[in-house]
Amino acid sequence: MDLAGKQIAVLGAGGSGYAAAALALSRGALVRVFDSGSPETLAAAVARFAALGAPLTSGETALEPPHSFDTVVVSPGIDTASPIARSFAAASGEFIGEIEFAWRFCDAPVIGITGTNGKTTTTSLIASMLQAAGLRAIAAGNIGLPFSDVILSGVRHDWVVLELSSFQLETITSLSPRVAVWMNFAPDHLDRYTTVDEYFAAKLRLFDYLGENALVIRKEESDLGITARTTTFSAFSTNSDLGYLAGDIVHAPSGRRFPFVGGELQGKHNAENVMAALAVADELGLDWDALVPAIREFQAPPHRCEKVALLGGALYLNDSKSTNLHSLESALAGQDAPVVLIAGGKNKGLDFAELRGLAARMVRECVCIGEIADHIAEAWHGVVPCQRAGDLGEAVEIARRVSRPGEIVLFSPGTSSFDMFNGYEARGEAFRSAVRDRAIVEA
């Protein structure tokens, strides 16, 4: 696709913006970049984009387009309802996101994956599975590698596996995955969306251009009126195409079984991630038996129910990526042993009472941390013994004292980290360190 002489505006000076600008320049476009961040904060970015050949305008000057552009490419971190997005959309021929822009140059078929939780693990798993099958596959999108960088690499791929957030799906106008995967849905991102329905509608855009291509979807959420060839999965339902039975994943129509328990991935929520991957394998005509080693040896990305250590006979799992109640619910429901839970963090208005029944069944004891610690203890009073800890190190020490051999110490906060840490990654690293320090002492 030739963009020679086309005027392209890129909104956002982050990784996606840089990749989109580089791709547009490689196709002959005239590119300018705009970001409303302060000139002081963006000084290094200004130099970086200048070296690329795309001048960056920052601060208040960036809020108004200097002229009409043929295409505006917006980064996913910029709210499409923000002043800068609205002004550029009004003064452009078209307004699209970086995913849609890169899609127009992509020769490889795409597997598109969305959901509130489990997207990153499933995207990584599917890419690894395809690579193990001898296919040239790459994971990109919301997972951290901009789609535009995949196109710029010049490498011919058999498949591109895209993790797609609601922010990225808002701005597609033609993206048509060969296989679409819907992991799950729960309220989230209400700091960007005014209602849950608005967030749901953004996710549903995955299907706008699906046509008769394949859909893989969680059984409990499959009644979406999508006219596509559909495979359902669930570790909690008895009437899905792929289900969970006695530690195995079972393909109900054929009776095929895949051994799940004993692999690196833990819990029924991860069993659902594997089910989604196996459904994709079926769509691509891959043999399950040939995929067993790759899937069973696959390790979840950091901070997503990753194994940390066996301490005092209890297995410690780091699920710091759990930043909402749905992710906590999935992590708890997926365990097959009594849980000592470490939960809590920033108080962003979540009601832990919604999980009172599940906590009563799955949690033997809870250690509460952060701003929301008192709320958790009050919400679960009478059904789960709760202790409060002043910091994460103290929480791990309490969990070590109260846990028993064969149990799971699960760090799944259920809310964001910004009261104590600068992100879930730092929070997860702190948990890892606290556990491993005690494991060294125990050894």
# chains A, B, ... in the order shown; residues from 1 in each chain; ligands from 1
$ select_by_dssp --residues "segment 219-439 of chain A" --states "strand (DSSP E or B)" --output "VMD selection string"
chain A and resid 229 to 233 242 to 245 248 to 251 256 to 259 306 to 311 314 to 318 339 to 344 363 to 369 386 to 388 408 to 411
$ write_last_selection --atoms "N, CA and C atoms" --output "short mmCIF file (atom, residue, chain, number, x, y, z; two decimals), in the first residue's frame"
data_model
loop_
_atom_site.label_atom_id
_atom_site.label_comp_id
_atom_site.auth_asym_id
_atom_site.auth_seq_id
_atom_site.Cartn_x
_atom_site.Cartn_y
_atom_site.Cartn_z
N ARG A 229 -18.56 -19.64 12.57
CA ARG A 229 -18.30 -21.03 12.97
C ARG A 229 -17.73 -21.00 14.39
N THR A 230 -18.43 -21.58 15.35
CA THR A 230 -18.15 -21.33 16.76
C THR A 230 -17.73 -22.59 17.50
N THR A 231 -16.69 -22.45 18.33
CA THR A 231 -16.27 -23.48 19.27
C THR A 231 -16.34 -22.87 20.67
N THR A 232 -16.99 -23.55 21.59
CA THR A 232 -17.12 -23.04 22.96
C THR A 232 -16.20 -23.80 23.91
N PHE A 233 -15.81 -23.12 24.99
CA PHE A 233 -14.98 -23.76 26.00
C PHE A 233 -15.41 -23.28 27.38
N LEU A 242 -15.32 -27.76 24.57
CA LEU A 242 -14.14 -28.15 25.33
C LEU A 242 -14.42 -27.91 26.80
N GLY A 243 -14.20 -28.94 27.61
CA GLY A 243 -14.48 -28.85 29.04
C GLY A 243 -13.35 -29.42 29.86
N TYR A 244 -13.59 -29.48 31.16
CA TYR A 244 -12.57 -29.91 32.12
C TYR A 244 -13.11 -31.07 32.93
N LEU A 245 -12.35 -32.17 33.00
CA LEU A 245 -12.80 -33.36 33.72
C LEU A 245 -11.60 -34.08 34.31
N ASP A 248 -8.14 -33.31 33.11
CA ASP A 248 -7.94 -33.31 31.66
C ASP A 248 -8.85 -32.29 30.99
N ILE A 249 -8.40 -31.77 29.87
CA ILE A 249 -9.27 -31.01 28.97
C ILE A 249 -9.87 -32.01 27.99
N VAL A 250 -11.19 -31.95 27.85
CA VAL A 250 -11.90 -32.94 27.04
C VAL A 250 -12.64 -32.24 25.91
N HIS A 251 -12.46 -32.77 24.70
CA HIS A 251 -13.21 -32.30 23.54
C HIS A 251 -14.47 -33.15 23.44
N ARG A 256 -11.66 -36.64 22.60
CA ARG A 256 -10.22 -36.44 22.76
C ARG A 256 -9.92 -35.79 24.12
N ARG A 257 -8.78 -36.14 24.68
CA ARG A 257 -8.40 -35.60 25.99
C ARG A 257 -6.99 -35.02 25.91
N PHE A 258 -6.80 -33.95 26.67
CA PHE A 258 -5.48 -33.33 26.77
C PHE A 258 -5.11 -33.26 28.24
N PRO A 259 -3.94 -33.78 28.64
CA PRO A 259 -3.56 -33.79 30.07
C PRO A 259 -3.16 -32.39 30.54
N GLU A 306 1.93 -17.20 38.30
CA GLU A 306 3.20 -17.90 38.06
C GLU A 306 3.67 -18.57 39.35
N LYS A 307 4.26 -19.74 39.20
CA LYS A 307 4.84 -20.44 40.34
C LYS A 307 6.08 -19.68 40.81
N VAL A 308 6.15 -19.47 42.13
CA VAL A 308 7.31 -18.77 42.68
C VAL A 308 8.19 -19.73 43.47
N ALA A 309 7.60 -20.48 44.39
CA ALA A 309 8.39 -21.39 45.23
C ALA A 309 7.47 -22.34 45.97
N LEU A 310 8.05 -23.42 46.44
CA LEU A 310 7.38 -24.32 47.38
C LEU A 310 8.03 -24.07 48.72
N LEU A 311 7.24 -23.56 49.67
CA LEU A 311 7.78 -23.12 50.96
C LEU A 311 6.94 -23.74 52.07
N ALA A 314 3.80 -25.55 50.97
CA ALA A 314 2.74 -24.78 50.29
C ALA A 314 3.31 -24.17 49.01
N LEU A 315 2.47 -24.15 47.97
CA LEU A 315 2.87 -23.58 46.69
C LEU A 315 2.51 -22.10 46.65
N TYR A 316 3.47 -21.24 46.36
CA TYR A 316 3.26 -19.80 46.30
C TYR A 316 3.09 -19.38 44.85
N LEU A 317 1.98 -18.70 44.57
CA LEU A 317 1.66 -18.23 43.22
C LEU A 317 1.59 -16.71 43.20
N ASN A 318 2.24 -16.11 42.21
CA ASN A 318 2.25 -14.66 42.03
C ASN A 318 1.26 -14.28 40.95
N VAL A 339 -6.79 -22.31 49.93
CA VAL A 339 -6.01 -21.12 49.59
C VAL A 339 -5.80 -20.24 50.82
N VAL A 340 -4.56 -19.83 51.03
CA VAL A 340 -4.26 -18.70 51.89
C VAL A 340 -4.05 -17.53 50.93
N LEU A 341 -4.94 -16.56 50.99
CA LEU A 341 -4.95 -15.47 50.02
C LEU A 341 -4.31 -14.21 50.59
N ILE A 342 -3.47 -13.58 49.77
CA ILE A 342 -2.99 -12.22 50.06
C ILE A 342 -3.66 -11.31 49.04
N ALA A 343 -4.48 -10.37 49.52
CA ALA A 343 -5.25 -9.52 48.61
C ALA A 343 -5.27 -8.09 49.12
N GLY A 344 -5.52 -7.18 48.20
CA GLY A 344 -5.67 -5.79 48.58
C GLY A 344 -4.71 -4.88 47.84
N VAL A 363 -11.18 -19.89 50.33
CA VAL A 363 -10.12 -19.24 51.11
C VAL A 363 -10.18 -19.70 52.56
N ARG A 364 -9.10 -20.31 53.03
CA ARG A 364 -9.06 -20.72 54.44
C ARG A 364 -8.67 -19.55 55.32
N GLU A 365 -7.82 -18.67 54.80
CA GLU A 365 -7.44 -17.48 55.56
C GLU A 365 -6.99 -16.42 54.57
N CYS A 366 -7.23 -15.15 54.90
CA CYS A 366 -6.86 -14.05 54.02
C CYS A 366 -5.97 -13.06 54.77
N VAL A 367 -4.92 -12.61 54.11
CA VAL A 367 -4.07 -11.54 54.63
C VAL A 367 -4.35 -10.30 53.77
N CYS A 368 -4.83 -9.24 54.39
CA CYS A 368 -5.28 -8.05 53.68
C CYS A 368 -4.22 -6.96 53.75
N ILE A 369 -3.99 -6.30 52.61
CA ILE A 369 -2.99 -5.24 52.55
C ILE A 369 -3.57 -4.01 51.86
N CYS A 386 -9.56 -13.07 58.58
CA CYS A 386 -8.71 -12.08 57.91
C CYS A 386 -7.74 -11.46 58.90
N GLN A 387 -6.50 -11.31 58.45
CA GLN A 387 -5.50 -10.56 59.19
C GLN A 387 -5.03 -9.40 58.31
N ARG A 388 -4.63 -8.32 58.94
CA ARG A 388 -4.11 -7.17 58.20
C ARG A 388 -2.60 -7.13 58.33
N ILE A 408 -2.21 -23.64 48.89
CA ILE A 408 -1.70 -22.64 47.94
C ILE A 408 -1.73 -21.28 48.62
N VAL A 409 -0.59 -20.61 48.62
CA VAL A 409 -0.54 -19.21 49.03
C VAL A 409 -0.65 -18.39 47.75
N LEU A 410 -1.78 -17.75 47.57
CA LEU A 410 -2.09 -17.04 46.33
C LEU A 410 -2.03 -15.54 46.56
N PHE A 411 -1.13 -14.88 45.86
CA PHE A 411 -1.07 -13.42 45.87
C PHE A 411 -1.86 -12.93 44.66
#
$ select_by_dssp --residues "segment 29-244 of chain A" --states "helix (DSSP H, G or I)" --output "ChimeraX atom specification"
/A:43-52,59-63,83-90,98-103,119-132,147-152,166-169,196-207,219-221
$ residues_around --residues "Leu204 of chain A" --least-positions-apart "2" --cutoff "10 Å" --atoms "only C-alpha atoms" --output "PyMOL selection string"
chain A and resi 114-115+166+169-170+182+198-202+206-208+224+226
$ residues_around --residues "segment 85-92 of chain A" --least-positions-apart "3" --cutoff "6 Å" --atoms "only C-alpha atoms" --output "number ranges by chain"
A: 65, 68-71, 80, 82, 95
$ residues_around --residues "segment 128-137 of chain A" --least-positions-apart "3" --cutoff "8 Å" --atoms "only C-alpha atoms" --output "PDB file with C-alpha atoms, in the first residue's frame"
ATOM      1  CA  SER A 124       1.606 -15.982  24.269  1.00  0.00           C
ATOM      2  CA  LEU A 125       0.481 -19.603  24.543  1.00  0.00           C
ATOM      3  CA  ARG A 156       6.982 -13.095   6.426  1.00  0.00           C
ATOM      4  CA  HIS A 157       4.862 -14.772   9.089  1.00  0.00           C
ATOM      5  CA  ASP A 158       2.450 -17.656   8.729  1.00  0.00           C
ATOM      6  CA  TRP A 159       0.324 -16.183  11.544  1.00  0.00           C
ATOM      7  CA  VAL A 160       0.179 -13.000  13.592  1.00  0.00           C
ATOM      8  CA  VAL A 161      -1.395 -13.534  17.021  1.00  0.00           C
ATOM      9  CA  ALA A 277      -5.454 -22.525  22.330  1.00  0.00           C
ATOM     10  CA  LEU A 286      -2.948 -29.137  14.177  1.00  0.00           C
ATOM     11  CA  ALA A 290       2.076 -33.108  18.829  1.00  0.00           C
ATOM     12  CA  LEU A 291       1.392 -30.019  20.947  1.00  0.00           C
ATOM     13  CA  ALA A 294       4.884 -27.213  24.116  1.00  0.00           C
ATOM     14  CA  ILE A 295       1.677 -26.509  26.038  1.00  0.00           C
ATOM     15  CA  PHE A 298       4.618 -23.249  28.655  1.00  0.00           C
TER      16      PHE A 298
END
$ residues_around --residues "Gly263 of chain A" --least-positions-apart "3" --cutoff "10 Å" --atoms "only C-alpha atoms" --output "list in words"
Pro259, Phe260, Gln266, Val292, Pro293, Ile295, Arg296, Glu297, Phe298 and Gln299 of chain A
$ residues_around --residues "Asn270 of chain A" --least-positions-apart "4" --cutoff "10 Å" --atoms "only C-alpha atoms" --output "PyMOL selection string"
chain A and resi 118+121-122+235+260+264-266+274-276+300+304-305+330-331+334-335
$ write_last_selection --atoms "N, CA and C atoms" --output "short mmCIF file (atom, residue, chain, number, x, y, z; two decimals), in the first residue's frame"
data_model
loop_
_atom_site.label_atom_id
_atom_site.label_comp_id
_atom_site.auth_asym_id
_atom_site.auth_seq_id
_atom_site.Cartn_x
_atom_site.Cartn_y
_atom_site.Cartn_z
N GLY A 118 -6.90 -12.86 30.97
CA GLY A 118 -6.38 -14.04 30.28
C GLY A 118 -5.87 -13.78 28.88
N THR A 121 -1.76 -14.24 28.51
CA THR A 121 -1.34 -15.63 28.62
C THR A 121 -1.77 -16.42 27.39
N THR A 122 -3.02 -16.25 26.97
CA THR A 122 -3.52 -17.02 25.83
C THR A 122 -2.83 -16.61 24.54
N ALA A 235 -14.28 -24.33 31.77
CA ALA A 235 -13.86 -25.25 32.83
C ALA A 235 -14.94 -25.39 33.90
N PHE A 260 -3.98 -31.80 31.41
CA PHE A 260 -3.68 -30.45 31.88
C PHE A 260 -2.94 -30.45 33.21
N GLU A 264 2.94 -26.67 33.64
CA GLU A 264 3.40 -25.44 34.29
C GLU A 264 2.25 -24.51 34.64
N LEU A 265 1.21 -24.48 33.82
CA LEU A 265 0.07 -23.59 34.09
C LEU A 265 -0.78 -24.17 35.21
N GLN A 266 -1.26 -23.29 36.06
CA GLN A 266 -1.99 -23.69 37.25
C GLN A 266 -3.43 -23.18 37.20
N VAL A 274 -5.81 -22.77 27.94
CA VAL A 274 -5.35 -23.89 27.12
C VAL A 274 -6.46 -24.37 26.20
N MET A 275 -7.70 -24.40 26.70
CA MET A 275 -8.83 -24.79 25.84
C MET A 275 -8.93 -23.88 24.62
N ALA A 276 -8.80 -22.59 24.85
CA ALA A 276 -8.87 -21.65 23.73
C ALA A 276 -7.77 -21.93 22.72
N ALA A 300 3.39 -19.21 32.12
CA ALA A 300 2.62 -17.98 31.97
C ALA A 300 3.55 -16.78 32.05
N ARG A 304 1.20 -13.63 36.46
CA ARG A 304 -0.11 -14.18 36.11
C ARG A 304 -0.18 -15.61 36.62
N CYS A 305 -0.43 -15.76 37.89
CA CYS A 305 -0.47 -17.07 38.55
C CYS A 305 0.79 -17.88 38.27
N SER A 330 -11.42 -15.38 39.06
CA SER A 330 -10.91 -16.46 38.21
C SER A 330 -9.78 -17.22 38.88
N ALA A 331 -8.86 -16.48 39.51
CA ALA A 331 -7.73 -17.13 40.16
C ALA A 331 -8.19 -18.01 41.31
N GLY A 334 -10.17 -21.16 40.17
CA GLY A 334 -9.35 -22.12 39.43
C GLY A 334 -8.49 -23.01 40.29
N GLN A 335 -8.43 -22.81 41.60
CA GLN A 335 -7.53 -23.59 42.44
C GLN A 335 -8.19 -24.90 42.90
#
$ atom_distance --atom1 "atom CA of Trp380 of chain A" --atom2 "atom CA of Lys321 of chain A"
22.2 Å
